[in-house]
Amino acid sequence: MSSRPLCFSHSVIIDVLRAIVSRPISSNTTTVRCCSAKSYRHSNSRHQALFWQQQQQQQQLSWTNPHCITPSLGRRLYASRALSVPVMEEEVPEEEEDRWRDLESLIEQEPMNKDHSCTLNDTTATSASSLSSTTSSKGKLRRELYDGRIIDIPGYKLIKPKRGPRTVQDFNRSIKEAVMDHRMNKALSYVRKMESQELRPDAVSYTLIINGFSKLSDMKRAHKWYHRMKRNGIEPDVYTYTGLIDGYMRIADVANSENTFRTMMIKGIRPTLVTYNVLMHHSVRQLDVSTAVRFWSRLVDAGLQPDAYTFAIMMHGLGDEGRVDQAWRLYEEMKKENVDVNHVVATTLMGIHVKHHDNSYAIELFRKFFNESGGGKRLAPTSYTRNVMLNAVVANAKLSTIHEYYEQFLQELDKDKDNKPSRSLLFSGASVYTYTTFMRAFLRRDALPMVSQVYQDMRVRHVKPTMVTYAILMLTHAYIPDPDSCVRILNELKHAGFKPNVVLYTIVMRAWAKAGRWDEMKQTYADMKAANIEPSKSTMSVLQWGSEHNRFE
DNA sequence: CTCAACGCTT
């Protein structure tokens, strides 16, 4: 791989990408967004030329380094109104970290149990109590959520009375484990312990913490620990900066992304391929493919070679814009470049077809990449792959079939408990994604009690719900319609310190609208605006739908 | 191989 020619083939790819991006959408793929953007480009070509000229001048003024993030990115990201843009604030006092503990207590409360119209049946209740008794007796067996799976740790007692981490490496390993479980307080306690001992935390320790907060989009704390790191005389490295850039891009805070990038360059730290992949990833998620293409040429300019992730990110972006055939074209380019087709690329292709409801082809792709050894090597599916596959399988299935799959899933979990390796291609342990997929599948077939059932099963196994899980629960209540329960869940989330996004508010509004309670719907909308959350397209359609019905009554 | 990138919601 190292022997292949450098710049020539790369510049060919850039040309291909540029051609792909600027080419009109082929007739068999329909995406309103792309078409309108295209016509915009045509009708404004003179404006655009002027715009670019200004960009060039601005770039020379404010950016001295050729690898800087383009200034236009910020403006466009703000305009994309994908997310609200928080302002950087002062450092927060330590006590505020309680919100994670609050979440734990929220989970203990099992909020869906009490006044929920879809009641829990007896079998679950018994299995719930028996399982929680296993967990609470911390004697011989401990169940833990690890890497998205529930695992049993036998001989817990023998391992546990350890003296704790002794070296910096030990500590860092523990910190990493805690961060992976999203137990930030635990991770922080390790760092504080280190700081109070002679083992000073090193760059890895602080970076783990900073990246942990970045992943949770908690940039206030990420920034705070970045300061603490510097105050303690530890120099941030490229991992630290990449993590910060990732976090800022997650919350659409381009100004701070750019600042971080610039700081890194000033310190003479070169961005790596991962840094660019992160930027490209957020570009295709929140902006468009052509912005990502610009980063692609930046990374080539910097002498880096795109890898399978780079291609996968770009293919994903093309797929999202409805350019499925062009994603495949890029895939062909990638093979020509001898870049190894890995599981990420294969899964991305599957995901593209699932997204476009071409589920049978997605399943065929799974066979091709992950199940057939003929020709090339057989890839190993990850839990992500399995989830995409499950979504494809479940998409067109009858309700009874979904019940069967769910039973299978629960049986697999029991097998896991006995340490038998699971051979299922669809499930991978008790992942929140698997549960959520089933919840959505049951919701779509109006099997509301099953939505609740799956949620309970998930809780019983101590799998933490995500925002999406809550969104589906709220959707279920909106469907009934039981707007009060929607509001209750929303408030619980707020109380746990989470900031509900536009999707959650819109679901509550739908619930009010469906119940015919227009005033409350408008009030929810006002609350959302007050929380500085920009309405989305579907928010507006709910509003409009509500006002039309209101008028006719 | 003690640190970084991917999936689920209207």
# chains A, B, ... in the order shown; residues from 1 in each chain; ligands from 1
>>> select_by_dssp(residues="stretch 333-422 of chain A", states="alpha helix (DSSP H)", output="PyMOL selection string")
chain A and resi 333-336+343-355+359-366+383-395+399-417
>>> write_last_selection(atoms="C-alpha atoms", output="PDB file, in the first residue's frame")
ATOM      1  CA  GLU A 333     -12.987   4.467  -7.130  1.00  0.00           C
ATOM      2  CA  MET A 334     -12.022   3.267  -3.726  1.00  0.00           C
ATOM      3  CA  LYS A 335     -11.462  -0.265  -4.932  1.00  0.00           C
ATOM      4  CA  LYS A 336      -9.377   1.069  -7.811  1.00  0.00           C
ATOM      5  CA  HIS A 343     -16.728  -3.471   7.623  1.00  0.00           C
ATOM      6  CA  VAL A 344     -17.436   0.251   7.937  1.00  0.00           C
ATOM      7  CA  VAL A 345     -17.680   0.702   4.191  1.00  0.00           C
ATOM      8  CA  ALA A 346     -19.817  -2.409   3.783  1.00  0.00           C
ATOM      9  CA  THR A 347     -22.138  -1.351   6.575  1.00  0.00           C
ATOM     10  CA  THR A 348     -22.387   2.147   5.169  1.00  0.00           C
ATOM     11  CA  LEU A 349     -23.541   0.746   1.835  1.00  0.00           C
ATOM     12  CA  MET A 350     -26.116  -1.405   3.595  1.00  0.00           C
ATOM     13  CA  GLY A 351     -27.304   1.587   5.588  1.00  0.00           C
ATOM     14  CA  ILE A 352     -27.718   3.677   2.456  1.00  0.00           C
ATOM     15  CA  HIS A 353     -30.039   1.100   0.949  1.00  0.00           C
ATOM     16  CA  VAL A 354     -32.008   0.647   4.154  1.00  0.00           C
ATOM     17  CA  LYS A 355     -32.480   4.368   4.300  1.00  0.00           C
ATOM     18  CA  ASN A 359     -34.192  -3.501   2.273  1.00  0.00           C
ATOM     19  CA  SER A 360     -33.878  -6.659   0.239  1.00  0.00           C
ATOM     20  CA  TYR A 361     -30.786  -5.328  -1.474  1.00  0.00           C
ATOM     21  CA  ALA A 362     -29.346  -4.357   1.897  1.00  0.00           C
ATOM     22  CA  ILE A 363     -29.820  -7.930   3.020  1.00  0.00           C
ATOM     23  CA  GLU A 364     -28.188  -9.168  -0.133  1.00  0.00           C
ATOM     24  CA  LEU A 365     -25.241  -6.894   0.540  1.00  0.00           C
ATOM     25  CA  PHE A 366     -24.951  -8.344   3.989  1.00  0.00           C
ATOM     26  CA  SER A 383     -22.874  -4.643  16.445  1.00  0.00           C
ATOM     27  CA  TYR A 384     -23.536  -1.682  14.202  1.00  0.00           C
ATOM     28  CA  THR A 385     -23.670  -3.957  11.152  1.00  0.00           C
ATOM     29  CA  ARG A 386     -26.102  -6.232  12.906  1.00  0.00           C
ATOM     30  CA  ASN A 387     -28.330  -3.337  13.820  1.00  0.00           C
ATOM     31  CA  VAL A 388     -28.504  -2.122  10.228  1.00  0.00           C
ATOM     32  CA  MET A 389     -29.298  -5.695   9.199  1.00  0.00           C
ATOM     33  CA  LEU A 390     -31.985  -5.984  11.849  1.00  0.00           C
ATOM     34  CA  ASN A 391     -33.567  -2.777  10.623  1.00  0.00           C
ATOM     35  CA  ALA A 392     -33.596  -4.135   7.083  1.00  0.00           C
ATOM     36  CA  VAL A 393     -35.133  -7.430   8.159  1.00  0.00           C
ATOM     37  CA  VAL A 394     -37.734  -5.830  10.401  1.00  0.00           C
ATOM     38  CA  ALA A 395     -38.756  -3.119   7.949  1.00  0.00           C
ATOM     39  CA  LEU A 399     -46.147  -8.090  13.368  1.00  0.00           C
ATOM     40  CA  SER A 400     -46.063 -11.789  14.179  1.00  0.00           C
ATOM     41  CA  THR A 401     -42.629 -12.084  12.585  1.00  0.00           C
ATOM     42  CA  ILE A 402     -41.344  -9.223  14.661  1.00  0.00           C
ATOM     43  CA  HIS A 403     -42.654 -10.951  17.749  1.00  0.00           C
ATOM     44  CA  GLU A 404     -40.702 -14.026  16.739  1.00  0.00           C
ATOM     45  CA  TYR A 405     -37.536 -12.042  16.217  1.00  0.00           C
ATOM     46  CA  TYR A 406     -37.959 -10.372  19.543  1.00  0.00           C
ATOM     47  CA  GLU A 407     -38.379 -13.735  21.257  1.00  0.00           C
ATOM     48  CA  GLN A 408     -35.213 -14.874  19.529  1.00  0.00           C
ATOM     49  CA  PHE A 409     -33.438 -11.791  20.742  1.00  0.00           C
ATOM     50  CA  LEU A 410     -34.434 -12.412  24.343  1.00  0.00           C
ATOM     51  CA  GLN A 411     -33.314 -16.017  24.066  1.00  0.00           C
ATOM     52  CA  GLU A 412     -29.962 -14.885  22.721  1.00  0.00           C
ATOM     53  CA  LEU A 413     -29.592 -12.648  25.735  1.00  0.00           C
ATOM     54  CA  ASP A 414     -30.203 -15.596  28.016  1.00  0.00           C
ATOM     55  CA  LYS A 415     -27.626 -17.615  26.146  1.00  0.00           C
ATOM     56  CA  ASP A 416     -25.195 -14.782  26.642  1.00  0.00           C
ATOM     57  CA  LYS A 417     -25.811 -15.034  30.316  1.00  0.00           C
TER      58      LYS A 417
END
>>> closest_atom_pairs(of="chain A", to="chain B", cutoff="9 Å", atoms="only C-alpha atoms (C1' of nucleotides)", output="CSV")
residue,atom,partner,partner_atom,distance
A:Val168,CA,B:DT2,C1',8.6
A:Gln169,CA,B:DT2,C1',5.4
A:Asp170,CA,B:DT2,C1',7.6
A:Phe171,CA,B:DT2,C1',8.6
A:Asn172,CA,B:DT2,C1',5.8
A:Arg173,CA,B:DT2,C1',5.6
A:Lys176,CA,B:DT2,C1',8.2
A:Ala203,CA,B:DC3,C1',8.2
A:Val204,CA,B:DC3,C1',5.0
A:Ser205,CA,B:DC3,C1',7.6
A:Tyr206,CA,B:DC3,C1',8.9
A:Thr207,CA,B:DC3,C1',6.3
A:Leu208,CA,B:DC3,C1',5.9
A:Asn211,CA,B:DA4,C1',7.7
A:Val238,CA,B:DA4,C1',8.4
A:Tyr239,CA,B:DA4,C1',5.2
A:Thr240,CA,B:DA4,C1',7.7
A:Tyr241,CA,B:DA4,C1',8.9
A:Thr242,CA,B:DA4,C1',6.2
A:Gly243,CA,B:DA4,C1',5.8
A:Asp246,CA,B:DA5,C1',8.6
A:Val274,CA,B:DA5,C1',6.0
A:Thr275,CA,B:DA5,C1',7.9
A:Asn277,CA,B:DA5,C1',6.2
A:Val278,CA,B:DA5,C1',5.3
A:His281,CA,B:DA5,C1',7.7
A:Tyr309,CA,B:DA5,C1',7.7
A:Ala312,CA,B:DC6,C1',8.6
A:Ile313,CA,B:DC6,C1',8.1
A:Val344,CA,B:DC6,C1',7.1
A:Thr348,CA,B:DC6,C1',8.3
A:Gly351,CA,B:DG7,C1',8.5
A:Ser383,CA,B:DG7,C1',8.9
A:Tyr384,CA,B:DG7,C1',5.5
A:Thr385,CA,B:DG7,C1',8.0
A:Asn387,CA,B:DG7,C1',7.3
A:Val388,CA,B:DG7,C1',7.1
A:Val432,CA,B:DC8,C1',8.3
A:Tyr433,CA,B:DC8,C1',5.4
A:Thr434,CA,B:DC8,C1',8.2
A:Thr436,CA,B:DC8,C1',6.3
A:Thr437,CA,B:DC8,C1',6.4
A:Arg440,CA,B:DC8,C1',9.0
A:Met467,CA,B:DT9,C1',7.8
A:Val468,CA,B:DT9,C1',4.8
A:Thr469,CA,B:DT9,C1',7.5
A:Tyr470,CA,B:DT9,C1',8.4
A:Ala471,CA,B:DT9,C1',5.4
A:Ile472,CA,B:DT9,C1',6.4
A:Leu475,CA,B:DT10,C1',8.5
A:Val502,CA,B:DT10,C1',8.8
A:Val503,CA,B:DT10,C1',5.6
A:Leu504,CA,B:DT10,C1',7.8
A:Thr506,CA,B:DT10,C1',6.5
A:Ile507,CA,B:DT10,C1',6.2
A:Arg510,CA,B:DT10,C1',8.8
A:Ser538,CA,B:DT10,C1',6.3
A:Thr539,CA,B:DT10,C1',7.9
>>> residues_around(residues="A:Tyr248", least_positions_apart="6", cutoff="9 Å", atoms="only C-alpha atoms (C1' of nucleotides)", output="list in words")
Ser214, Ser217, Met219, Val254, Ala255, Asn256 and Ser257 of chain A
